[in-house]
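Below: the structure, in structure tokens.
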Amino acid sequence: MKGYLVLENGKVFEGKRFGAMGDVIAELVFTTGMTGYLETLTDKSYAGQMVVQTFPLIGNYGVIPSDFESDKIGPGGYIVKEWCQIPSNFRSEGNLDTFLLDRGIPALSGIDTRALTKLIRDAGALNACITDDPDKVDLAALKAYRITGKVAQVSTKQAYTVQAEQEKYNVVLLDYGVKASIIKELVKRGCTVTVLPHDTTAVDILAKKPDGILLSNGPGDPTENVVAIATIKELLGAGVPIFGICIGHQLLALANGFETGILNGGHRGSNQPVRNTETGKVYITSQGHQYVVLREGASDNATIFFEHVNDQSCEGIRYANAPAFSVQFHPEASAGPLDTQFLFDDFIKMMEG
């Protein structure tokens, strides 16, 4: 049946519905990955958003639970040019339509995703609504939509531990919306990982006697997480190595006096180039963010050691006032290139030191 995508600027795209029925309002963003749609759909960093896939055919390798980044769906809606009804992959356990239907996620196909992506690229993220009747959409309410409180929504409510086979290090991971692949990268390096809720106090974190602390990825505006920022400020004085990824990178920067802003269009996909400013070497990375740490906060205590090749935005910071560093991109990839997985080894070396 027909379905419509209504943008906050009043523009309407007609498509065909699949997945779940019903209306949904979310912030519309695009991702450029040619593969990795399952990892995108199960990435909690997309909470409150509706994802447009720029690659024209999605679902061709089916649904593979072992590729999921969480047991939840991140985005509230999904937009594709064409979805594959007959996937072909020996690992597949289902199709995209049924996957989204079972999880209550509305989706549209037959959309001109190229035109839609150009709109977002030029205007920045736009609020949008998937609906059966575009005439009933309240544009004022659509424009007023804001993503708030999503870290608290997606973070674990109870602490849990993932045990390493041969434990060498005890790592505390603060869960702002963590991807499973981050935990896997730590565990395979001998880290037993204790995952704690986003609002765990510094006292309770340090009571775990961690060898290192990882600040995970997550959704939304980093500045609204005032409790987490205050907690990180306390942790910086404890001398425990800290590694931040994605919103973890932003929160660590805010705790060190940086400010954050919004990138027009954002960086989302598995083909984002970053340059190590210390060596000049370029890496291709997986990214999924709209907010960015502003470079103006750099100082003798904080050095930007990764920048985006295309727009020179801040992609990584190393701190001199504490054993801490962070990156905006995803070194665990999933999906994406493995160029920067060595950063987990750098974190291990910090804990060894």
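Labels for the structure tokens follow display order: chains A, B, ..., residues from 1 in each chain, ligands from 1.
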
Could I get the residues of range 123-209 of chain A with an atom no further than 12 Å from an atom of range 282-303 of chain A, each paired with its nearest atom pair and that distance in Å to one decimal, using only C-alpha atoms, sorted by chain and residue number, as a tab-separated table?
```
residue	atom	partner	partner_atom	distance
A:Gly124	CA	A:Gln290	CA	9.1
A:Ala125	CA	A:Gln290	CA	8.4
A:Leu126	CA	A:Gln290	CA	11.9
A:Lys179	CA	A:Gly288	CA	11.9
```

| Where does DSSP see strand (DSSP E) in range 37-276 of chain A, if you list the residues as number ranges by chain? | A: 49-53, 57-58, 77-79, 82-83, 106-109, 126-131, 160-162, 169-174, 191-196, 212-215, 242-245, 260-276

Output C-alpha atoms for every residue in the selection just made, as an mmCIF file, in the first residue's frame.
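This went into result-v7.cif:
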```cif
data_model
loop_
_atom_site.group_PDB
_atom_site.id
_atom_site.type_symbol
_atom_site.label_atom_id
_atom_site.label_comp_id
_atom_site.auth_asym_id
_atom_site.auth_seq_id
_atom_site.Cartn_x
_atom_site.Cartn_y
_atom_site.Cartn_z
ATOM 1 C CA GLN A 49 15.990 9.254 14.212
ATOM 2 C CA MET A 50 14.732 7.900 10.885
ATOM 3 C CA VAL A 51 17.461 6.492 8.644
ATOM 4 C CA VAL A 52 17.706 6.941 4.873
ATOM 5 C CA GLN A 53 19.973 4.399 3.164
ATOM 6 C CA LEU A 57 19.137 -1.974 -2.709
ATOM 7 C CA ILE A 58 18.783 -2.948 0.959
ATOM 8 C CA GLY A 77 11.727 4.604 10.939
ATOM 9 C CA TYR A 78 13.524 3.382 7.829
ATOM 10 C CA ILE A 79 13.668 4.711 4.246
ATOM 11 C CA GLU A 82 14.273 -0.717 -2.881
ATOM 12 C CA TRP A 83 14.157 -3.587 -0.408
ATOM 13 C CA PRO A 106 7.521 1.575 9.945
ATOM 14 C CA ALA A 107 9.451 1.734 6.676
ATOM 15 C CA LEU A 108 9.054 3.092 3.151
ATOM 16 C CA SER A 109 10.482 1.877 -0.155
ATOM 17 C CA LEU A 126 15.118 17.465 9.005
ATOM 18 C CA ASN A 127 12.212 16.169 11.045
ATOM 19 C CA ALA A 128 9.941 13.861 9.076
ATOM 20 C CA CYS A 129 6.849 11.712 9.429
ATOM 21 C CA ILE A 130 5.909 8.386 7.853
ATOM 22 C CA THR A 131 2.144 8.393 7.351
ATOM 23 C CA TYR A 160 26.135 -6.799 33.901
ATOM 24 C CA THR A 161 29.493 -8.395 33.226
ATOM 25 C CA VAL A 162 30.962 -9.985 30.103
ATOM 26 C CA TYR A 169 42.177 -6.445 32.681
ATOM 27 C CA ASN A 170 39.078 -5.230 34.464
ATOM 28 C CA VAL A 171 37.297 -2.602 32.354
ATOM 29 C CA VAL A 172 34.227 -0.596 33.346
ATOM 30 C CA LEU A 173 32.108 0.473 30.380
ATOM 31 C CA LEU A 174 29.626 3.301 30.852
ATOM 32 C CA CYS A 191 39.267 -7.558 29.234
ATOM 33 C CA THR A 192 36.450 -8.586 31.533
ATOM 34 C CA VAL A 193 33.903 -5.826 30.897
ATOM 35 C CA THR A 194 31.478 -4.588 33.550
ATOM 36 C CA VAL A 195 28.737 -2.584 31.825
ATOM 37 C CA LEU A 196 27.174 0.087 34.039
ATOM 38 C CA GLY A 212 40.389 1.210 32.509
ATOM 39 C CA ILE A 213 37.111 2.996 31.768
ATOM 40 C CA LEU A 214 35.410 3.076 28.364
ATOM 41 C CA LEU A 215 32.822 5.725 27.515
ATOM 42 C CA ILE A 242 39.816 6.472 29.874
ATOM 43 C CA PHE A 243 38.854 5.762 26.256
ATOM 44 C CA GLY A 244 35.848 7.518 24.694
ATOM 45 C CA ILE A 245 34.034 6.580 21.485
ATOM 46 C CA THR A 260 30.134 20.873 20.818
ATOM 47 C CA GLY A 261 28.207 21.892 17.707
ATOM 48 C CA ILE A 262 26.198 20.346 14.878
ATOM 49 C CA LEU A 263 27.546 19.215 11.516
ATOM 50 C CA ASN A 264 25.351 19.997 8.528
ATOM 51 C CA GLY A 265 24.404 16.565 7.191
ATOM 52 C CA GLY A 266 26.576 14.718 9.699
ATOM 53 C CA HIS A 267 28.991 11.856 9.086
ATOM 54 C CA ARG A 268 27.240 8.502 8.726
ATOM 55 C CA GLY A 269 28.537 5.485 6.872
ATOM 56 C CA SER A 270 31.493 3.137 6.627
ATOM 57 C CA ASN A 271 33.612 5.218 4.250
ATOM 58 C CA GLN A 272 34.580 8.308 6.257
ATOM 59 C CA PRO A 273 38.259 9.367 5.883
ATOM 60 C CA VAL A 274 40.181 10.653 8.900
ATOM 61 C CA ARG A 275 43.785 11.865 9.136
ATOM 62 C CA ASN A 276 46.126 11.269 12.054
#
```

query: Counting only C-alpha atoms, what is within 8 Å of Phe13 in chain A, bar same-chain residues fewer than 4 positions away, as a list in words?
result: Tyr4, Leu5, Val6, Ile111 and Asp112 of chain A

Any chance you can output those residues with N, CA and C atoms as a PDB file, in the first residue's frame?
```pdb
ATOM      1  N   TYR A   4       3.609   7.724   2.764  1.00  0.00           N
ATOM      2  CA  TYR A   4       4.168   9.030   2.450  1.00  0.00           C
ATOM      3  C   TYR A   4       5.188   9.437   3.502  1.00  0.00           C
ATOM      4  N   LEU A   5       6.216  10.121   3.034  1.00  0.00           N
ATOM      5  CA  LEU A   5       7.188  10.751   3.915  1.00  0.00           C
ATOM      6  C   LEU A   5       6.982  12.249   3.826  1.00  0.00           C
ATOM      7  N   VAL A   6       6.589  12.855   4.933  1.00  0.00           N
ATOM      8  CA  VAL A   6       6.333  14.294   4.986  1.00  0.00           C
ATOM      9  C   VAL A   6       7.466  14.959   5.764  1.00  0.00           C
ATOM     10  N   ILE A 111      11.214   5.311  -2.507  1.00  0.00           N
ATOM     11  CA  ILE A 111      11.487   6.731  -2.298  1.00  0.00           C
ATOM     12  C   ILE A 111      12.708   7.134  -3.129  1.00  0.00           C
ATOM     13  N   ASP A 112      12.692   8.334  -3.667  1.00  0.00           N
ATOM     14  CA  ASP A 112      13.857   8.862  -4.377  1.00  0.00           C
ATOM     15  C   ASP A 112      14.896   9.267  -3.328  1.00  0.00           C
TER      16      ASP A 112
END
```

Next on the checklist: Give me, as a PyMOL selection string, all polymer residues having an atom no more than 12 Å from Phe90 in chain A, counting only C-alpha atoms and skipping those fewer than 2 positions away in the same chain.
Outcome noted: chain A and resi 60-64+87-88+92-94

Please produce a file of the residues just selected, as an mmCIF file, in the first residue's frame, where the atoms kept are all heavy atoms.
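Just written: result.cif:
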```cif
data_model
loop_
_atom_site.group_PDB
_atom_site.id
_atom_site.type_symbol
_atom_site.label_atom_id
_atom_site.label_comp_id
_atom_site.auth_asym_id
_atom_site.auth_seq_id
_atom_site.Cartn_x
_atom_site.Cartn_y
_atom_site.Cartn_z
ATOM 1 N N ASN A 60 19.433 -7.401 0.757
ATOM 2 C CA ASN A 60 19.778 -8.488 -0.155
ATOM 3 C C ASN A 60 20.482 -9.657 0.527
ATOM 4 O O ASN A 60 20.484 -10.762 -0.009
ATOM 5 C CB ASN A 60 20.614 -7.970 -1.328
ATOM 6 C CG ASN A 60 21.826 -7.185 -0.883
ATOM 7 O OD1 ASN A 60 21.721 -6.303 -0.058
ATOM 8 N ND2 ASN A 60 22.975 -7.505 -1.440
ATOM 9 N N TYR A 61 21.086 -9.446 1.695
ATOM 10 C CA TYR A 61 21.687 -10.587 2.398
ATOM 11 C C TYR A 61 20.890 -10.976 3.648
ATOM 12 O O TYR A 61 21.364 -11.708 4.511
ATOM 13 C CB TYR A 61 23.170 -10.361 2.713
ATOM 14 C CG TYR A 61 23.517 -9.093 3.470
ATOM 15 C CD1 TYR A 61 23.443 -9.030 4.855
ATOM 16 C CD2 TYR A 61 23.971 -7.972 2.787
ATOM 17 C CE1 TYR A 61 23.790 -7.887 5.538
ATOM 18 C CE2 TYR A 61 24.316 -6.818 3.459
ATOM 19 C CZ TYR A 61 24.231 -6.785 4.847
ATOM 20 O OH TYR A 61 24.577 -5.630 5.526
ATOM 21 N N GLY A 62 19.664 -10.495 3.721
ATOM 22 C CA GLY A 62 18.738 -10.989 4.733
ATOM 23 C C GLY A 62 18.965 -10.440 6.124
ATOM 24 O O GLY A 62 19.513 -9.355 6.312
ATOM 25 N N VAL A 63 18.531 -11.220 7.099
ATOM 26 C CA VAL A 63 18.622 -10.850 8.511
ATOM 27 C C VAL A 63 19.505 -11.881 9.214
ATOM 28 O O VAL A 63 19.227 -13.082 9.180
ATOM 29 C CB VAL A 63 17.227 -10.799 9.159
ATOM 30 C CG1 VAL A 63 17.334 -10.567 10.661
ATOM 31 C CG2 VAL A 63 16.385 -9.707 8.508
ATOM 32 N N ILE A 64 20.573 -11.388 9.853
ATOM 33 C CA ILE A 64 21.579 -12.258 10.463
ATOM 34 C C ILE A 64 21.756 -11.825 11.920
ATOM 35 O O ILE A 64 22.455 -10.851 12.207
ATOM 36 C CB ILE A 64 22.915 -12.160 9.700
ATOM 37 C CG1 ILE A 64 22.689 -12.446 8.209
ATOM 38 C CG2 ILE A 64 23.944 -13.118 10.284
ATOM 39 C CD1 ILE A 64 23.848 -12.052 7.322
ATOM 40 N N PRO A 87 16.122 -12.504 -0.077
ATOM 41 C CA PRO A 87 17.549 -12.397 0.234
ATOM 42 C C PRO A 87 18.295 -13.692 -0.084
ATOM 43 O O PRO A 87 17.720 -14.777 -0.060
ATOM 44 C CB PRO A 87 17.557 -12.110 1.741
ATOM 45 C CG PRO A 87 16.264 -12.648 2.241
ATOM 46 C CD PRO A 87 15.282 -12.464 1.127
ATOM 47 N N SER A 88 19.591 -13.548 -0.377
ATOM 48 C CA SER A 88 20.422 -14.708 -0.707
ATOM 49 C C SER A 88 21.692 -14.661 0.124
ATOM 50 O O SER A 88 22.589 -13.851 -0.134
ATOM 51 C CB SER A 88 20.755 -14.700 -2.201
ATOM 52 O OG SER A 88 21.605 -15.770 -2.533
ATOM 53 N N SER A 92 21.556 -16.096 6.394
ATOM 54 C CA SER A 92 20.301 -15.378 6.594
ATOM 55 C C SER A 92 19.265 -16.221 7.324
ATOM 56 O O SER A 92 19.104 -17.409 7.065
ATOM 57 C CB SER A 92 19.727 -14.931 5.252
ATOM 58 O OG SER A 92 18.480 -14.282 5.433
ATOM 59 N N GLU A 93 18.527 -15.542 8.236
ATOM 60 C CA GLU A 93 17.466 -16.208 8.996
ATOM 61 C C GLU A 93 16.129 -15.495 8.834
ATOM 62 O O GLU A 93 15.213 -15.698 9.634
ATOM 63 C CB GLU A 93 17.853 -16.283 10.480
ATOM 64 C CG GLU A 93 19.100 -17.106 10.749
ATOM 65 C CD GLU A 93 19.465 -17.172 12.224
ATOM 66 O OE1 GLU A 93 18.556 -16.992 13.071
ATOM 67 O OE2 GLU A 93 20.650 -17.400 12.536
ATOM 68 N N GLY A 94 16.014 -14.659 7.812
ATOM 69 C CA GLY A 94 14.747 -13.965 7.604
ATOM 70 C C GLY A 94 14.908 -12.836 6.616
ATOM 71 O O GLY A 94 15.980 -12.631 6.039
#
```

**Prompt:** How would you write, as a PyMOL selection string, the set of residues in range 66-261 of chain A that DSSP gives as alpha helix (DSSP H)?
**Reply:** chain A and resi 96-102+113-123+139-144+150-154+180-187+202-206+226-236+247-255

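The space between CA of Arg114 in chain A and CA of Thr54 in chain A spans 6.6 Å.
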
Query raised in the report: Quick one: residues within 12 Å of Pro222 in chain A, only C-alpha atoms counted, chain neighbours fewer than 2 positions away excluded, as a ChimeraX atom specification?
Result: /A:45,147-152,176,217-220,224-229,246-255,258-262,289-293

Dump as an mmCIF file, in the first residue's frame, selection limited to C-alpha atoms:
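Heads up, here's the output in selection-v2.cif:
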```
data_model
loop_
_atom_site.group_PDB
_atom_site.id
_atom_site.type_symbol
_atom_site.label_atom_id
_atom_site.label_comp_id
_atom_site.auth_asym_id
_atom_site.auth_seq_id
_atom_site.Cartn_x
_atom_site.Cartn_y
_atom_site.Cartn_z
ATOM 1 C CA SER A 45 22.885 5.744 18.569
ATOM 2 C CA ILE A 147 15.421 14.254 20.445
ATOM 3 C CA THR A 148 15.706 14.321 24.239
ATOM 4 C CA GLY A 149 16.387 11.814 27.004
ATOM 5 C CA LYS A 150 17.499 9.048 24.642
ATOM 6 C CA VAL A 151 20.682 8.073 26.520
ATOM 7 C CA ALA A 152 18.614 7.308 29.619
ATOM 8 C CA TYR A 176 25.253 5.458 26.754
ATOM 9 C CA ASN A 217 28.658 5.555 21.862
ATOM 10 C CA GLY A 218 25.070 6.756 22.184
ATOM 11 C CA PRO A 219 22.320 9.009 20.807
ATOM 12 C CA GLY A 220 21.320 12.646 21.032
ATOM 13 C CA GLU A 224 22.037 17.370 27.895
ATOM 14 C CA ASN A 225 23.935 14.646 29.787
ATOM 15 C CA VAL A 226 25.024 16.942 32.604
ATOM 16 C CA VAL A 227 25.275 14.158 35.195
ATOM 17 C CA ALA A 228 27.530 12.074 32.969
ATOM 18 C CA ILE A 229 29.770 15.079 32.242
ATOM 19 C CA CYS A 246 31.415 8.678 19.631
ATOM 20 C CA ILE A 247 29.227 10.391 22.270
ATOM 21 C CA GLY A 248 31.788 9.143 24.800
ATOM 22 C CA HIS A 249 34.334 11.255 22.915
ATOM 23 C CA GLN A 250 32.015 14.265 23.080
ATOM 24 C CA LEU A 251 31.259 13.850 26.788
ATOM 25 C CA LEU A 252 34.958 13.530 27.624
ATOM 26 C CA ALA A 253 35.630 16.713 25.643
ATOM 27 C CA LEU A 254 32.827 18.593 27.405
ATOM 28 C CA ALA A 255 34.274 17.494 30.754
ATOM 29 C CA PHE A 258 35.481 21.895 24.946
ATOM 30 C CA GLU A 259 32.195 22.849 23.322
ATOM 31 C CA THR A 260 30.134 20.873 20.818
ATOM 32 C CA GLY A 261 28.207 21.892 17.707
ATOM 33 C CA ILE A 262 26.198 20.346 14.878
ATOM 34 C CA HIS A 289 27.149 11.271 14.272
ATOM 35 C CA GLN A 290 25.680 14.744 13.834
ATOM 36 C CA TYR A 291 27.205 16.478 16.849
ATOM 37 C CA VAL A 292 30.903 17.325 16.796
ATOM 38 C CA VAL A 293 33.514 18.629 19.229
#
```

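For the choices A:Lys72, A:Lys157, A:Arg189, A:Lys16, the atom-to-atom distance to Leu38 in chain A is smallest for A:Lys72 when using only C-alpha atoms.
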